[in-house]
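Participant: So that you have it, the file is run_22.cif, and it contains mmCIF, C-alpha atoms:
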```cif
data_start
#
loop_
_atom_site.group_PDB
_atom_site.id
_atom_site.type_symbol
_atom_site.label_atom_id
_atom_site.label_comp_id
_atom_site.auth_asym_id
_atom_site.auth_seq_id
_atom_site.Cartn_x
_atom_site.Cartn_y
_atom_site.Cartn_z
ATOM 1 C CA MET F 1 68.139 94.401 74.714
ATOM 2 C CA LEU F 2 67.246 90.930 73.521
ATOM 3 C CA GLY F 3 68.022 90.117 69.932
ATOM 4 C CA VAL F 4 66.021 87.867 67.651
ATOM 5 C CA PRO F 5 67.640 84.857 65.992
ATOM 6 C CA LEU F 6 67.842 84.709 62.249
ATOM 7 C CA GLN F 7 65.037 82.903 60.447
ATOM 8 C CA HIS F 8 65.910 79.186 60.572
ATOM 9 C CA PRO F 9 69.332 79.779 62.162
ATOM 10 C CA SER F 10 71.912 77.078 61.723
ATOM 11 C CA LEU F 11 72.725 74.785 64.622
ATOM 12 C CA THR F 12 76.359 75.749 63.986
ATOM 13 C CA ALA F 13 75.724 79.521 64.069
ATOM 14 C CA ASP F 14 77.435 81.899 66.477
ATOM 15 C CA PRO F 15 75.584 81.234 69.778
ATOM 16 C CA TYR F 16 75.910 84.886 70.844
ATOM 17 C CA ARG F 17 74.208 85.991 67.647
ATOM 18 C CA VAL F 18 71.495 83.337 67.964
ATOM 19 C CA LEU F 19 70.581 84.535 71.468
ATOM 20 C CA GLY F 20 71.041 88.192 70.565
ATOM 21 C CA VAL F 21 73.581 88.916 73.300
ATOM 22 C CA SER F 22 77.100 90.289 73.268
ATOM 23 C CA PRO F 23 80.179 88.228 74.146
ATOM 24 C CA GLN F 24 80.435 90.397 77.278
ATOM 25 C CA ALA F 25 76.924 89.460 78.493
ATOM 26 C CA SER F 26 76.593 88.077 81.992
ATOM 27 C CA ALA F 27 75.326 84.562 82.688
ATOM 28 C CA THR F 28 72.065 86.079 83.978
ATOM 29 C CA GLU F 29 71.583 88.095 80.787
ATOM 30 C CA ILE F 30 72.241 85.040 78.625
ATOM 31 C CA LYS F 31 69.765 82.917 80.571
ATOM 32 C CA ALA F 32 67.114 85.634 80.377
ATOM 33 C CA ALA F 33 67.636 85.988 76.619
ATOM 34 C CA TYR F 34 67.394 82.242 76.077
ATOM 35 C CA ARG F 35 64.192 81.850 78.080
ATOM 36 C CA ALA F 36 62.541 84.856 76.421
ATOM 37 C CA LEU F 37 63.395 83.637 72.918
ATOM 38 C CA VAL F 38 62.259 80.079 73.622
ATOM 39 C CA LYS F 39 58.877 81.434 74.699
ATOM 40 C CA GLN F 40 58.728 83.701 71.644
ATOM 41 C CA HIS F 41 59.692 81.053 69.085
ATOM 42 C CA HIS F 42 58.116 77.959 70.629
ATOM 43 C CA PRO F 43 55.963 76.019 68.117
ATOM 44 C CA ASP F 44 52.960 76.468 70.426
ATOM 45 C CA ALA F 45 53.384 80.225 70.005
ATOM 46 C CA GLY F 46 53.688 80.039 66.216
ATOM 47 C CA GLY F 47 57.416 79.355 66.017
ATOM 48 C CA ASP F 48 59.165 76.363 64.523
ATOM 49 C CA ALA F 49 61.263 73.440 65.695
ATOM 50 C CA THR F 50 64.356 74.499 63.715
ATOM 51 C CA THR F 51 64.612 77.809 65.574
ATOM 52 C CA ILE F 52 64.093 76.085 68.914
ATOM 53 C CA LEU F 53 66.885 73.615 68.132
ATOM 54 C CA ALA F 54 69.225 76.483 67.293
ATOM 55 C CA LEU F 55 68.330 78.280 70.527
ATOM 56 C CA ASN F 56 68.952 75.084 72.490
ATOM 57 C CA ALA F 57 72.294 74.573 70.750
ATOM 58 C CA ALA F 58 73.343 78.135 71.592
ATOM 59 C CA TRP F 59 72.284 77.722 75.213
ATOM 60 C CA GLU F 60 74.142 74.429 75.457
ATOM 61 C CA VAL F 61 77.348 76.353 74.722
ATOM 62 C CA LEU F 62 76.748 79.648 76.513
ATOM 63 C CA GLY F 63 74.832 78.231 79.474
ATOM 64 C CA ASP F 64 77.827 76.203 80.599
ATOM 65 C CA GLN F 65 80.756 78.209 81.964
ATOM 66 C CA GLU F 66 83.449 75.830 80.718
ATOM 67 C CA ARG F 67 81.955 75.390 77.252
ATOM 68 C CA ARG F 68 81.461 79.128 76.890
ATOM 69 C CA ALA F 69 85.087 79.768 77.860
ATOM 70 C CA ALA F 70 86.255 77.130 75.396
ATOM 71 C CA PHE F 71 84.129 78.672 72.642
ATOM 72 C CA ASP F 72 85.521 82.138 73.395
ATOM 73 C CA ARG F 73 89.086 80.826 73.236
ATOM 74 C CA ARG F 74 88.484 79.151 69.874
ATOM 75 C CA SER F 75 86.716 82.233 68.535
ATOM 76 C CA SER F 76 89.661 84.455 69.355
ATOM 77 C CA VAL F 77 91.952 82.187 67.344
ATOM 78 C CA ALA F 78 89.893 80.870 64.471
ATOM 79 C CA GLY F 79 86.931 83.240 64.251
ATOM 80 C CA VAL F 80 83.391 82.759 65.369
ATOM 81 C CA GLY F 81 82.148 81.186 62.166
ATOM 82 C CA ALA F 82 84.526 78.254 62.337
ATOM 83 C CA ALA F 83 84.344 77.798 66.100
ATOM 84 C CA ALA F 84 80.613 77.729 66.726
ATOM 85 C CA ALA F 85 80.328 74.064 65.833
ATOM 86 C CA GLY F 86 82.027 73.125 69.127
ATOM 87 C CA GLY F 87 80.195 71.475 72.018
ATOM 88 C CA PRO F 88 77.945 68.456 72.090
ATOM 89 C CA GLY F 89 74.740 68.439 70.162
ATOM 90 C CA THR F 90 75.553 71.179 67.657
ATOM 91 C CA SER F 91 75.685 69.104 64.525
ATOM 92 C CA GLY F 92 73.519 70.362 61.667
ATOM 93 C CA SER F 93 72.692 66.893 60.401
ATOM 94 C CA SER F 94 69.137 66.022 59.395
ATOM 95 C CA ALA F 95 68.848 63.792 62.479
ATOM 96 C CA GLY F 96 68.836 66.942 64.624
ATOM 97 C CA ARG F 97 65.916 68.757 63.003
ATOM 98 C CA GLY F 98 62.926 68.517 65.306
ATOM 99 C CA THR F 99 61.634 66.324 68.077
ATOM 100 C CA LYS F 100 60.060 63.773 65.780
ATOM 101 C CA VAL F 101 63.179 61.950 64.693
ATOM 102 C CA PRO F 102 62.666 59.922 61.517
ATOM 103 C CA ARG F 103 63.765 56.333 61.303
ATOM 104 C CA THR F 104 67.470 56.813 60.795
ATOM 105 C CA LYS F 105 69.895 55.335 58.344
ATOM 106 C CA GLY F 106 73.431 54.635 59.349
ATOM 107 C CA SER F 107 76.155 52.075 59.625
ATOM 108 C CA THR F 108 75.984 49.111 61.963
ATOM 109 C CA ALA F 109 78.530 50.826 64.198
ATOM 110 C CA GLU F 110 76.420 53.999 64.342
ATOM 111 C CA HIS F 111 73.328 52.064 65.356
ATOM 112 C CA ALA F 112 75.322 50.159 67.954
ATOM 113 C CA ALA F 113 76.547 53.459 69.408
ATOM 114 C CA LEU F 114 72.972 54.728 69.435
ATOM 115 C CA GLU F 115 71.757 51.685 71.361
ATOM 116 C CA VAL F 116 74.530 52.046 73.933
ATOM 117 C CA TRP F 117 73.814 55.765 74.437
ATOM 118 C CA MET F 118 70.079 55.160 74.742
ATOM 119 C CA ALA F 119 70.602 52.459 77.362
ATOM 120 C CA SER F 120 73.406 54.049 79.378
ATOM 121 C CA VAL F 121 72.551 57.755 79.129
ATOM 122 C CA TYR F 122 69.000 58.416 77.986
ATOM 123 C CA ALA F 123 67.249 55.633 79.935
ATOM 124 C CA PRO F 124 68.601 56.595 83.398
ATOM 125 C CA ILE F 125 68.087 60.292 82.627
ATOM 126 C CA ASP F 126 64.471 59.627 81.686
ATOM 127 C CA ARG F 127 63.958 57.564 84.841
ATOM 128 C CA ASN F 128 65.272 60.396 87.034
ATOM 129 C CA LEU F 129 63.199 62.978 85.169
ATOM 130 C CA GLY F 130 60.102 60.883 85.753
ATOM 131 C CA GLN F 131 60.859 60.744 89.485
ATOM 132 C CA VAL F 132 60.830 64.560 89.536
ATOM 133 C CA ILE F 133 58.068 65.380 87.042
ATOM 134 C CA ASN F 134 55.491 62.697 87.875
ATOM 135 C CA PRO F 135 55.103 63.438 91.616
ATOM 136 C CA PHE F 136 54.995 67.207 91.122
ATOM 137 C CA ALA F 137 51.230 67.613 90.734
ATOM 138 C CA ALA F 138 50.521 65.619 93.897
ATOM 139 C CA GLN F 139 53.208 67.473 95.845
ATOM 140 C CA LEU F 140 51.816 70.838 94.773
ATOM 141 C CA LYS F 141 48.237 69.802 95.550
ATOM 142 C CA GLN F 142 49.297 68.717 99.024
ATOM 143 C CA LEU F 143 51.038 72.032 99.668
ATOM 144 C CA SER F 144 48.098 74.053 98.320
ATOM 145 C CA ALA F 145 45.923 72.800 101.189
ATOM 146 C CA ASP F 146 47.773 75.332 103.364
ATOM 147 C CA PRO F 147 51.047 76.804 102.047
ATOM 148 C CA TYR F 148 51.676 78.415 105.430
ATOM 149 C CA ASP F 149 51.541 75.100 107.282
ATOM 150 C CA ASP F 150 55.106 74.369 108.399
ATOM 151 C CA HIS F 151 54.750 70.609 108.036
ATOM 152 C CA LEU F 152 53.348 70.789 104.506
ATOM 153 C CA MET F 153 56.016 73.275 103.479
ATOM 154 C CA GLU F 154 58.708 71.027 104.947
ATOM 155 C CA LEU F 155 57.425 68.096 102.898
ATOM 156 C CA PHE F 156 57.424 70.213 99.742
ATOM 157 C CA CYS F 157 60.952 71.454 100.443
ATOM 158 C CA THR F 158 62.091 67.867 100.919
ATOM 159 C CA TYR F 159 60.645 67.033 97.509
ATOM 160 C CA LEU F 160 62.537 69.979 95.992
ATOM 161 C CA GLU F 161 65.817 68.959 97.635
ATOM 162 C CA GLN F 162 65.499 65.373 96.460
ATOM 163 C CA SER F 163 64.578 66.586 92.988
ATOM 164 C CA GLN F 164 67.634 68.832 92.817
ATOM 165 C CA GLN F 165 69.817 65.857 93.716
ATOM 166 C CA LYS F 166 68.245 63.855 90.900
ATOM 167 C CA MET F 167 68.901 66.706 88.479
ATOM 168 C CA LEU F 168 72.585 66.651 89.435
ATOM 169 C CA LYS F 169 72.583 62.986 88.419
ATOM 170 C CA VAL F 170 70.815 63.891 85.177
ATOM 171 C CA GLU F 171 73.434 66.505 84.300
ATOM 172 C CA ALA F 172 76.284 64.141 85.131
ATOM 173 C CA LEU F 173 74.768 61.430 82.951
ATOM 174 C CA TYR F 174 74.215 63.854 80.071
ATOM 175 C CA ARG F 175 77.831 64.980 80.191
ATOM 176 C CA SER F 176 79.179 61.458 80.601
ATOM 177 C CA ALA F 177 78.981 60.658 76.882
ATOM 178 C CA MET F 178 78.431 62.721 73.750
ATOM 179 C CA ALA F 179 75.292 61.758 71.882
ATOM 180 C CA PRO F 180 75.956 59.702 68.737
ATOM 181 C CA LEU F 181 75.368 61.339 65.384
ATOM 182 C CA LEU F 182 72.015 59.594 64.905
ATOM 183 C CA ALA F 183 70.669 61.136 68.125
ATOM 184 C CA LYS F 184 71.883 64.743 67.878
ATOM 185 C CA GLY F 185 68.435 66.302 67.543
ATOM 186 C CA PHE F 186 67.020 63.960 70.160
ATOM 187 C CA SER F 187 69.831 64.910 72.545
ATOM 188 C CA LEU F 188 69.070 68.607 72.132
ATOM 189 C CA GLN F 189 65.432 68.023 73.002
ATOM 190 C CA LEU F 190 66.480 65.999 76.027
ATOM 191 C CA TYR F 191 68.682 68.877 77.164
ATOM 192 C CA HIS F 192 65.804 71.312 76.704
ATOM 193 C CA CYS F 193 63.546 69.052 78.772
ATOM 194 C CA PHE F 194 65.787 68.820 81.805
ATOM 195 C CA ALA F 195 66.722 72.504 81.539
ATOM 196 C CA GLN F 196 63.028 73.270 82.001
ATOM 197 C CA VAL F 197 62.947 71.080 85.110
ATOM 198 C CA LYS F 198 66.033 72.781 86.554
ATOM 199 C CA ASP F 199 64.543 76.237 86.011
ATOM 200 C CA ALA F 200 61.241 75.087 87.514
ATOM 201 C CA LEU F 201 62.985 73.896 90.672
ATOM 202 C CA VAL F 202 64.791 77.230 91.008
ATOM 203 C CA ASP F 203 61.515 79.163 90.792
ATOM 204 C CA LEU F 204 59.740 76.793 93.161
ATOM 205 C CA GLU F 205 62.525 77.112 95.715
ATOM 206 C CA ARG F 206 62.256 80.896 95.464
ATOM 207 C CA TYR F 207 58.551 80.581 96.163
ATOM 208 C CA THR F 208 59.193 78.624 99.356
ATOM 209 C CA MET F 209 61.458 81.408 100.629
ATOM 210 C CA GLY F 210 59.069 84.310 100.061
ATOM 211 C CA TYR F 211 55.640 83.049 98.981
ATOM 212 C CA VAL F 212 55.787 85.143 95.798
ATOM 213 C CA ASP F 213 53.026 83.768 93.604
ATOM 214 C CA SER F 214 54.789 84.581 90.330
ATOM 215 C CA TYR F 215 57.564 82.123 91.197
ATOM 216 C CA LEU F 216 55.011 79.413 91.879
ATOM 217 C CA ARG F 217 53.207 80.138 88.629
ATOM 218 C CA ASP F 218 56.403 80.133 86.575
ATOM 219 C CA GLY F 219 57.641 76.956 88.233
ATOM 220 C CA ARG F 220 54.374 75.195 87.543
ATOM 221 C CA GLU F 221 54.387 76.244 83.879
ATOM 222 C CA LEU F 222 57.993 75.166 83.402
ATOM 223 C CA MET F 223 57.281 71.780 84.945
ATOM 224 C CA ARG F 224 54.229 71.403 82.717
ATOM 225 C CA GLU F 225 56.348 72.154 79.652
ATOM 226 C CA ALA F 226 58.980 69.658 80.811
ATOM 227 C CA LYS F 227 56.296 66.989 81.093
ATOM 228 C CA ARG F 228 55.158 67.734 77.529
ATOM 229 C CA LEU F 229 58.722 67.550 76.244
ATOM 230 C CA ARG F 230 59.335 64.251 78.036
ATOM 231 C CA THR F 231 56.233 62.784 76.406
ATOM 232 C CA ALA F 232 57.451 64.017 73.014
ATOM 233 C CA LEU F 233 60.815 62.350 73.655
ATOM 234 C CA HIS F 234 59.072 59.051 74.377
ATOM 235 C CA GLN F 235 57.275 59.342 71.042
ATOM 236 C CA ALA F 236 60.475 60.288 69.203
ATOM 237 C CA LYS F 237 62.362 57.366 70.709
ATOM 238 C CA ARG F 238 59.959 54.940 69.075
ATOM 239 C CA ALA F 239 60.932 56.375 65.673
ATOM 240 C CA PHE F 240 64.426 55.015 66.083
ATOM 241 C CA GLY F 241 62.986 51.507 65.800
#
```
Translate the structure of the given file into structure tokens.
Facilitator:
Amino acid sequence: MLGVPLQHPSLTADPYRVLGVSPQASATEIKAAYRALVKQHHPDAGGDATTILALNAAWEVLGDQERRAAFDRRSSVAGVGAAAAGGPGTSGSSAGRGTKVPRTKGSTAEHAALEVWMASVYAPIDRNLGQVINPFAAQLKQLSADPYDDHLMELFCTYLEQSQQKMLKVEALYRSAMAPLLAKGFSLQLYHCFAQVKDALVDLERYTMGYVDSYLRDGRELMREAKRLRTALHQAKRAFG
């Protein structure tokens, strides 16, 4: 049964507790819990950004097999409370509270690190995301003319395959360098954005294999949410100055 995160949970809270799952939960159960809670606590559904950030931070740990294993090892030695701060993007600093990142204060070195990360990590990630998100509406419209037409379906599948390759690049870029302190909250939102795209591509691929309308509907909604998040990231980036 899915749990409910504490009101305004800390970004450094126990990720299992945040997602309401046990340490023995399967990867499928964890993913299902995360997606259900994001929908439940999304600001558009009456939730708040702080809860969403905590959910994203928990998923960033438990959604990755290696990070989850590392967290479990630390927990067994030091206790969950002290270990949950591990993994990128889990800082509880004020820079990580919400998509709209205020103009940040920091040392010259911190701002230099921010500029490097934005140029070498965020910029190419955003470019790849745009190459997946922007063509989606046209690709779907083309397929909708006749989903059972082999040629149209082949074109749509090619788009999905190319998009999945771009998402592999996105993940590699995201893992290539930890976000600087000034961009912790921004980095979490970026992760949430491309996680939506990845889930959308999974559902859309399932649709192509069985023409189950619910997969198409879910994929379309996830891609729409990813587009909204990407726009919000563009707006937040301007706040860095």
Participant: I need the output of the PyMOL selection byres ((chain F and resi 234) around 12) for this file as a list of chain:residue names; which residues are they?
Facilitator: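 For this structure, the PyMOL selection byres ((chain F and resi 234) around 12) captures F:Thr99, F:Lys100, F:Val101, F:Met118, F:Tyr122, F:Ala123, F:Asp126, F:Arg127, F:Gly130, F:Phe186, F:Gln189, F:Leu190, F:Cys193, F:Lys227, F:Arg228, F:Leu229, F:Arg230, F:Thr231, F:Ala232, F:Leu233, F:Gln235, F:Ala236, F:Lys237, F:Arg238, F:Ala239, F:Phe240.
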Participant: Between atom CA of F:Ser22 and atom CA of F:Ser76, what is the spacing in Å?
Facilitator: 14.4 Å
Participant: In Å, rounded to a single decimal, give me how far atom CA of F:Pro135 is from atom CA of F:Ala57.
Facilitator: 29.2 Å
Participant: Around all listed atoms of stretch 119-136 of chain F, padded 8 Å per side, what centre and edge lengths does the axis-aligned box have in Å to one decimal, as AutoDock Vina command-line options?
Facilitator:
```
--center_x 64.2 --center_y 59.8 --center_z 84.5 --size_x 34.4 --size_y 30.7 --size_z 30.3
```
Participant: What is the atom CA of F:Trp117-atom CA of F:Tyr174 distance in Å, reported with one decimal?
Facilitator: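 Those two atoms sit 9.9 Å apart.
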Participant: Which one of F:Pro124, F:Pro23, F:Gly46, F:Gly185 sits closest to F:Ala69 if you count all atoms listed in the file?
Facilitator: F:Pro23
Participant: Got a sec: who's within 9 Å of F:Asn128, counting only C-alpha atoms, leaving out chain neighbours fewer than 3 positions off, as a JSON list (two decimals) with C-alpha atoms, in the coordinates of the input?
Facilitator:
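That gives us selection33.json:
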```
[["chain", "number", "residue", "atom", "x", "y", "z"],
["F", 123, "ALA", "CA", 67.25, 55.63, 79.94],
["F", 124, "PRO", "CA", 68.60, 56.60, 83.40],
["F", 125, "ILE", "CA", 68.09, 60.29, 82.63],
["F", 131, "GLN", "CA", 60.86, 60.74, 89.48],
["F", 132, "VAL", "CA", 60.83, 64.56, 89.54],
["F", 133, "ILE", "CA", 58.07, 65.38, 87.04],
["F", 163, "SER", "CA", 64.58, 66.59, 92.99],
["F", 166, "LYS", "CA", 68.24, 63.86, 90.90],
["F", 167, "MET", "CA", 68.90, 66.71, 88.48],
["F", 169, "LYS", "CA", 72.58, 62.99, 88.42],
["F", 170, "VAL", "CA", 70.82, 63.89, 85.18]]
```
Participant: Name the residues that the PyMOL selection byres ((chain F and resi 161) around 12) picks from the file above, as a PyMOL selection string, using the file's chain letters and numbers.
Facilitator: chain F and resi 132+154-160+162-168+198+201-202+204-205+208
Participant: Take the PyMOL selection byres ((chain F and resi 222) around 9), run it mentally on this structure, and tell me the resulting residues as a PyMOL selection string.
Facilitator: chain F and resi 196-201+217-221+223-227
Participant: Identify, on the basis of only C-alpha atoms, every residue whose closest approach to F:Val38 does not exceed 9 Å; exclude the query and any residue fewer than 5 positions from it along the same chain; express the result as a list of chain:residue names.
Facilitator: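 Neighbouring residues, sequence-local ones excluded: F:Ala33, F:Thr51, F:Ile52, F:Leu55, F:Asn56.
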